[in-house]
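Student: Hey, dropping data-v6.tsv in here, TSV, C-alpha atoms:
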```
chain	number	residue	atom	x	y	z
G	30	MET	CA	-1.61	-11.34	-21.59
G	31	THR	CA	-3.56	-9.09	-23.94
G	32	ALA	CA	-2.11	-6.42	-26.22
G	33	ILE	CA	-3.33	-3.76	-23.75
G	34	HIS	CA	-1.49	-5.51	-20.92
G	35	ARG	CA	1.70	-5.81	-22.97
G	36	ARG	CA	1.64	-2.11	-23.90
G	37	ALA	CA	0.99	-1.08	-20.29
G	38	VAL	CA	3.80	-3.25	-18.94
G	39	LEU	CA	6.20	-2.01	-21.62
G	40	ALA	CA	5.33	1.64	-20.95
G	41	THR	CA	5.85	1.17	-17.22
G	42	ALA	CA	9.18	-0.58	-17.77
G	43	VAL	CA	10.40	2.24	-20.02
G	44	VAL	CA	9.47	4.86	-17.43
G	45	LEU	CA	11.18	2.98	-14.61
G	46	VAL	CA	14.36	2.38	-16.60
G	47	ALA	CA	14.49	6.04	-17.65
G	48	VAL	CA	14.03	7.22	-14.08
G	49	VAL	CA	16.67	4.91	-12.63
G	50	GLY	CA	19.15	5.74	-15.35
G	51	ALA	CA	18.65	9.46	-14.95
G	52	ALA	CA	19.21	9.78	-11.15
G	53	PRO	CA	18.71	11.53	-8.90
G	54	ALA	CA	15.70	9.50	-7.91
G	55	THR	CA	14.67	8.37	-4.36
G	56	ALA	CA	15.39	6.27	-1.35
G	57	GLN	CA	13.21	4.61	1.23
G	58	SER	CA	11.53	6.90	3.76
G	59	ALA	CA	13.98	8.11	6.43
G	60	GLN	CA	11.09	8.14	8.92
G	61	ARG	CA	9.78	4.92	10.44
G	62	TRP	CA	6.17	5.80	9.59
G	63	SER	CA	4.89	7.40	6.41
G	64	LEU	CA	1.56	8.15	4.77
G	65	GLN	CA	1.12	7.66	1.02
G	66	GLY	CA	-1.58	8.62	-1.47
G	67	SER	CA	-1.52	7.31	-5.05
G	68	ALA	CA	-3.38	7.56	-8.33
G	69	LEU	CA	-4.11	4.20	-9.98
G	70	VAL	CA	-4.85	2.76	-13.40
G	71	VAL	CA	-6.41	-0.72	-13.14
G	72	VAL	CA	-6.57	-3.02	-16.19
G	73	PRO	CA	-8.76	-6.10	-15.41
G	74	SER	CA	-9.17	-9.33	-17.37
G	75	GLY	CA	-10.59	-12.83	-16.92
G	76	SER	CA	-14.04	-14.27	-16.19
G	77	ALA	CA	-14.34	-12.41	-12.88
G	78	TYR	CA	-14.14	-9.14	-14.79
G	79	ASP	CA	-16.14	-10.11	-17.87
G	80	GLY	CA	-17.14	-6.93	-19.73
G	81	LEU	CA	-15.34	-4.66	-17.25
G	82	ASN	CA	-13.27	-1.88	-18.82
G	83	SER	CA	-10.01	-0.43	-17.52
G	84	GLY	CA	-10.54	2.20	-14.86
G	85	VAL	CA	-8.84	4.83	-12.74
G	86	GLY	CA	-8.82	5.19	-9.00
G	87	ALA	CA	-6.82	5.98	-5.89
G	88	GLU	CA	-5.37	4.41	-2.79
G	89	VAL	CA	-4.11	5.55	0.59
G	90	GLN	CA	-1.77	3.62	2.84
G	91	ALA	CA	0.20	3.95	6.05
G	92	ARG	CA	3.67	2.38	5.86
G	93	TYR	CA	5.96	1.08	8.59
G	94	THR	CA	9.67	1.06	7.61
G	95	PRO	CA	11.95	-0.56	10.22
G	96	SER	CA	14.50	-1.74	7.61
G	97	ALA	CA	14.80	-2.55	3.91
G	98	LEU	CA	11.58	-4.55	4.37
G	99	SER	CA	8.59	-2.28	4.99
G	100	TRP	CA	4.87	-2.93	5.42
G	101	GLY	CA	1.99	-0.92	3.98
G	102	PHE	CA	-1.61	-1.09	5.21
G	103	GLY	CA	-4.33	0.69	3.26
G	104	VAL	CA	-7.40	0.74	1.03
G	105	GLN	CA	-7.77	1.05	-2.73
G	106	TYR	CA	-10.63	2.11	-5.00
G	107	SER	CA	-11.19	2.19	-8.74
G	108	SER	CA	-14.20	2.88	-10.98
G	109	HIS	CA	-14.90	0.95	-14.19
G	110	GLY	CA	-17.34	1.21	-17.06
G	111	LEU	CA	-19.02	-1.83	-18.57
G	112	ASP	CA	-18.67	-2.83	-22.21
G	113	VAL	CA	-22.44	-2.64	-22.74
G	114	PRO	CA	-23.84	-0.12	-25.28
G	115	GLY	CA	-26.11	2.48	-23.66
G	116	PHE	CA	-25.28	1.35	-20.11
G	117	ASP	CA	-23.87	4.26	-18.09
G	118	GLU	CA	-23.66	2.78	-14.58
G	119	ARG	CA	-20.17	2.07	-13.27
G	120	VAL	CA	-18.71	-0.78	-11.26
G	121	SER	CA	-16.57	0.03	-8.24
G	122	LEU	CA	-13.70	-2.19	-7.12
G	123	ALA	CA	-12.54	-1.48	-3.59
G	124	GLY	CA	-11.10	-2.99	-0.44
G	125	PRO	CA	-8.28	-3.18	2.12
G	126	PHE	CA	-4.77	-4.48	1.44
G	127	VAL	CA	-1.42	-5.33	3.01
G	128	GLU	CA	1.70	-4.63	0.96
G	129	PRO	CA	5.18	-5.84	1.99
G	130	ARG	CA	7.94	-4.07	0.08
G	131	TYR	CA	11.66	-4.82	-0.11
G	132	VAL	CA	14.01	-2.05	-1.21
G	133	LEU	CA	17.11	-3.08	-3.17
G	134	ASP	CA	20.42	-1.50	-2.18
G	135	VAL	CA	21.95	0.08	-5.29
G	136	GLY	CA	24.34	2.33	-3.38
G	137	ARG	CA	22.37	5.52	-3.98
G	138	SER	CA	20.59	7.74	-1.45
G	139	THR	CA	18.42	9.49	-4.03
G	140	PHE	CA	16.56	6.54	-5.55
G	141	ALA	CA	15.66	3.00	-4.62
G	142	PRO	CA	14.14	0.24	-6.78
G	143	TYR	CA	11.93	-2.15	-4.87
G	144	LEU	CA	10.08	-5.45	-5.09
G	145	ALA	CA	6.56	-5.70	-3.69
G	146	ALA	CA	3.64	-8.05	-3.13
G	147	ARG	CA	0.05	-7.20	-2.26
G	148	LEU	CA	-2.62	-9.20	-0.46
G	149	ALA	CA	-6.07	-7.65	-0.77
G	150	TYR	CA	-9.75	-8.36	-0.26
G	151	LEU	CA	-11.69	-6.54	-2.97
G	152	GLN	CA	-15.38	-6.14	-3.63
G	153	GLN	CA	-17.02	-5.47	-6.97
G	154	ARG	CA	-20.17	-3.38	-6.61
G	155	LEU	CA	-22.82	-2.28	-9.10
G	156	GLU	CA	-26.12	-0.58	-8.26
G	157	VAL	CA	-28.97	-0.20	-10.78
G	158	GLU	CA	-32.39	1.23	-9.86
G	159	GLY	CA	-32.11	0.24	-6.21
G	160	VAL	CA	-30.75	-3.25	-6.83
G	161	LYS	CA	-27.19	-3.73	-5.60
G	162	ALA	CA	-24.95	-6.50	-6.93
G	163	THR	CA	-21.76	-7.35	-5.04
G	164	ALA	CA	-19.06	-10.00	-5.17
G	165	GLY	CA	-15.94	-10.22	-3.02
G	166	GLY	CA	-12.69	-12.07	-3.32
G	167	GLY	CA	-9.05	-12.36	-2.34
G	168	GLN	CA	-6.29	-10.99	-4.55
G	169	VAL	CA	-2.53	-11.62	-4.70
G	170	ASN	CA	-0.32	-9.26	-6.72
G	171	VAL	CA	3.44	-9.06	-7.27
G	172	GLY	CA	5.53	-6.36	-8.87
G	173	GLY	CA	7.87	-3.52	-8.10
G	174	GLY	CA	8.83	0.04	-8.80
G	175	VAL	CA	11.12	2.92	-7.92
G	176	LEU	CA	11.07	5.39	-5.04
G	177	LEU	CA	12.32	8.88	-5.88
G	178	ARG	CA	13.50	11.13	-3.05
G	179	LEU	CA	12.08	14.62	-3.52
G	180	SER	CA	13.04	15.92	-0.06
G	181	PRO	CA	14.05	14.47	3.33
G	182	ARG	CA	10.35	13.77	4.03
G	183	LEU	CA	8.79	13.42	0.58
G	184	ASN	CA	9.13	10.49	-1.84
G	185	MET	CA	7.52	9.76	-5.19
G	186	ASP	CA	6.50	6.17	-5.89
G	187	LEU	CA	6.28	4.79	-9.45
G	188	GLY	CA	5.13	1.19	-9.43
G	189	ALA	CA	3.30	-1.63	-11.18
G	190	THR	CA	1.87	-4.95	-10.01
G	191	TYR	CA	0.16	-7.87	-11.74
G	192	GLY	CA	-1.95	-10.43	-9.96
G	193	LEU	CA	-4.75	-12.95	-9.60
G	194	ILE	CA	-8.13	-12.74	-7.89
G	195	ASN	CA	-10.94	-15.19	-7.14
G	196	PHE	CA	-14.43	-13.81	-6.56
G	197	GLY	CA	-17.27	-15.62	-4.82
G	198	ASP	CA	-20.85	-15.77	-6.10
G	199	VAL	CA	-22.70	-12.53	-6.76
G	200	GLU	CA	-25.15	-11.33	-4.10
G	201	LEU	CA	-28.18	-9.26	-5.10
G	202	SER	CA	-29.68	-6.92	-2.49
G	203	ALA	CA	-32.92	-4.94	-2.68
G	204	GLY	CA	-35.62	-3.93	-0.21
G	205	GLY	CA	-33.71	-5.40	2.72
G	206	GLN	CA	-33.48	-8.84	1.08
G	207	THR	CA	-30.27	-10.51	-0.15
G	208	VAL	CA	-30.07	-13.41	-2.58
G	209	LYS	CA	-26.91	-15.27	-3.63
G	210	VAL	CA	-26.74	-16.20	-7.32
G	211	ASP	CA	-25.10	-19.63	-7.45
G	212	GLY	CA	-22.63	-20.34	-10.22
G	213	THR	CA	-21.53	-16.72	-10.69
G	214	SER	CA	-18.09	-17.00	-9.06
G	215	GLY	CA	-15.01	-16.45	-11.22
G	216	SER	CA	-11.30	-15.75	-11.36
G	217	GLY	CA	-9.41	-12.97	-13.05
G	218	GLN	CA	-6.25	-10.94	-13.33
G	219	ASN	CA	-5.38	-7.27	-13.07
G	220	LEU	CA	-2.53	-4.98	-13.94
G	221	VAL	CA	-2.22	-1.99	-11.62
G	222	LEU	CA	-0.08	1.06	-12.44
G	223	ARG	CA	0.62	3.49	-9.61
G	224	VAL	CA	2.00	7.03	-9.17
G	225	GLY	CA	2.07	8.26	-5.59
G	226	LEU	CA	3.56	10.59	-3.01
G	227	ALA	CA	4.68	9.44	0.45
G	228	VAL	CA	5.21	11.83	3.37
G	229	GLY	CA	7.40	10.78	6.31
G	230	LEU	CA	5.89	11.23	9.77
G	231	GLY	CA	7.68	11.94	13.03
G	232	GLY	CA	11.42	12.07	13.60
```
Using the file provided, produce a representation of the structure as structure tokens.

Tutor:
Amino acid sequence: MTAIHRRAVLATAVVLVAVVGAAPATAQSAQRWSLQGSALVVVPSGSAYDGLNSGVGAEVQARYTPSALSWGFGVQYSSHGLDVPGFDERVSLAGPFVEPRYVLDVGRSTFAPYLAARLAYLQQRLEVEGVKATAGGGQVNVGGGVLLRLSPRLNMDLGATYGLINFGDVELSAGGQTVKVDGTSGSGQNLVLRVGLAVGLGG
């Protein structure tokens, strides 16, 4: 883990501890279905992300909450610069995910810490002068956070996950032709920090 990762994890831990200790915070959605939008900070590392800087982005998810175990289904997107002098194009990282979440019972109705995992299929994409480069791969993240109840229907979500991803070979597309570049696959890691709002739907 790099110094940037350590600082990000430490900062997130401090925020979560402060929030939980301060109460009131939040509890799981009282409605069975909810819709959540979040702002993201994504810190990548590893050969799959060689030269890719940290980036910001967003996600949206629908969540089903029948019990302490809930399920989120959504898409995420982040935009990243490359560590190449004079190169202004940006790489996007986007794709669908499934996120099971388990809320821990701490005897409070106003806040709820949780544990979470995320399974995602993400695609890196870069386009330069009509040539598009893409690579896709599966990602597994684990982490947790705190839900803060703002109203009977509105929760704030503060969370962080860390995980692994394996990308396949890069594909180059231009003029209707696609060529796979053998030997360009790679693995990597990412730290994702999240701040979001969830709105309960229905009764």

Student: Which distance in Å separates atom CA of G:Asp112 and atom CA of G:Gln206, to one decimal?

Tutor: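 Those two atoms sit 28.2 Å apart.
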
Student: Please identify all polymer residues within 12 Å of G:Val171, counting only C-alpha atoms, omitting same-chain residues fewer than 4 positions from it, and present them as a VMD selection string.

Tutor: chain G and resid 127 to 131 143 to 149 188 to 193 218 to 222

Student: My list of candidates is G:His109, G:Lys161, G:Arg137, G:Arg92. Which is closest to G:Leu122 when distances are computed with only C-alpha atoms?

Tutor: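 Comparing G:His109, G:Lys161, G:Arg137, G:Arg92 against G:Leu122, the winner is G:His109.
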
Student: Counting only C-alpha atoms, which of G:Thr213, G:Ser107, G:Gln153, G:Gln65 gets nearest to G:Asp186?

Tutor: G:Gln65

Student: Ranking G:Gly101, G:Gly174, G:Gln168, G:Glu158 by minimum distance to G:Val132 and counting all atoms listed in the file, which one comes first?

Tutor: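 Going through G:Gly101, G:Gly174, G:Gln168, G:Glu158 one by one, the smallest distance to G:Val132 is for G:Gly174.
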
Student: If you measure from atom CA of G:Arg178 to atom CA of G:Tyr106, what distance in Å do you get, rounded to one decimal?

Tutor: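 Here the two named atoms are 25.8 Å from each other.
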
Student: Can you tell me how far atom CA of G:Leu155 sits from atom CA of G:Gly172, in Å to one decimal?

Tutor: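 Between atom CA of G:Leu155 and atom CA of G:Gly172 the gap works out to 28.6 Å.
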
Student: When distances are computed from all atoms listed in the file, which of G:Gly159, G:Val113, G:Gly167, G:Thr94 shows the smallest separation from G:Gly205?

Tutor: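 The shortest atom-to-atom distance to G:Gly205 comes from G:Gly159.
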
Student: Hey, which of G:Gly229, G:Tyr78, G:Tyr93, G:Trp100 ends up closest to G:Arg154? Count all atoms listed in the file.

Tutor: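 Of G:Gly229, G:Tyr78, G:Tyr93, G:Trp100, the one nearest G:Arg154, counting all atoms listed in the file, is G:Tyr78.
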
Student: Kindly indicate which residue among G:Val71, G:Asn82, G:Leu179, G:Ala77 lies nearest to G:Asp198, using only C-alpha atoms for the distances.

Tutor: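 Of all the options, G:Ala77 lies closest to G:Asp198.
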
Student: Could you list, as a PDB file with C-alpha atoms, in the frame of the given file, every residue within 9 Å of G:Ser67, counting all atoms listed in the file and ignoring same-chain residues fewer than 2 positions away?

Tutor:
```pdb
ATOM      1  CA  GLN G  65       1.120   7.660   1.020  1.00  0.00           C
ATOM      2  CA  LEU G  69      -4.110   4.200  -9.980  1.00  0.00           C
ATOM      3  CA  GLY G  86      -8.820   5.190  -9.000  1.00  0.00           C
ATOM      4  CA  ALA G  87      -6.820   5.980  -5.890  1.00  0.00           C
ATOM      5  CA  GLU G  88      -5.370   4.410  -2.790  1.00  0.00           C
ATOM      6  CA  VAL G  89      -4.110   5.550   0.590  1.00  0.00           C
ATOM      7  CA  GLN G  90      -1.770   3.620   2.840  1.00  0.00           C
ATOM      8  CA  ASP G 186       6.500   6.170  -5.890  1.00  0.00           C
ATOM      9  CA  ARG G 223       0.620   3.490  -9.610  1.00  0.00           C
ATOM     10  CA  VAL G 224       2.000   7.030  -9.170  1.00  0.00           C
ATOM     11  CA  GLY G 225       2.070   8.260  -5.590  1.00  0.00           C
ATOM     12  CA  LEU G 226       3.560  10.590  -3.010  1.00  0.00           C
ATOM     13  CA  ALA G 227       4.680   9.440   0.450  1.00  0.00           C
TER      14      ALA G 227
END
```

Student: Once 4 Å is added on each side, what centre and edge lengths in Å to one decimal does the axis-aligned box around all listed atoms of stretch 146-156 of chain G have, as AutoDock Vina command-line options?

Tutor:
```
--center_x -11.2 --center_y -4.9 --center_z -4.7 --size_x 37.8 --size_y 16.6 --size_z 16.8
```

Student: Residues within 12 Å of G:Val157, please, as an MDAnalysis selection string. Count all atoms listed in the file; anything in the same chain fewer than 6 positions from it doesn't count.

Tutor: chainID G and resid 116:120 163 201:203
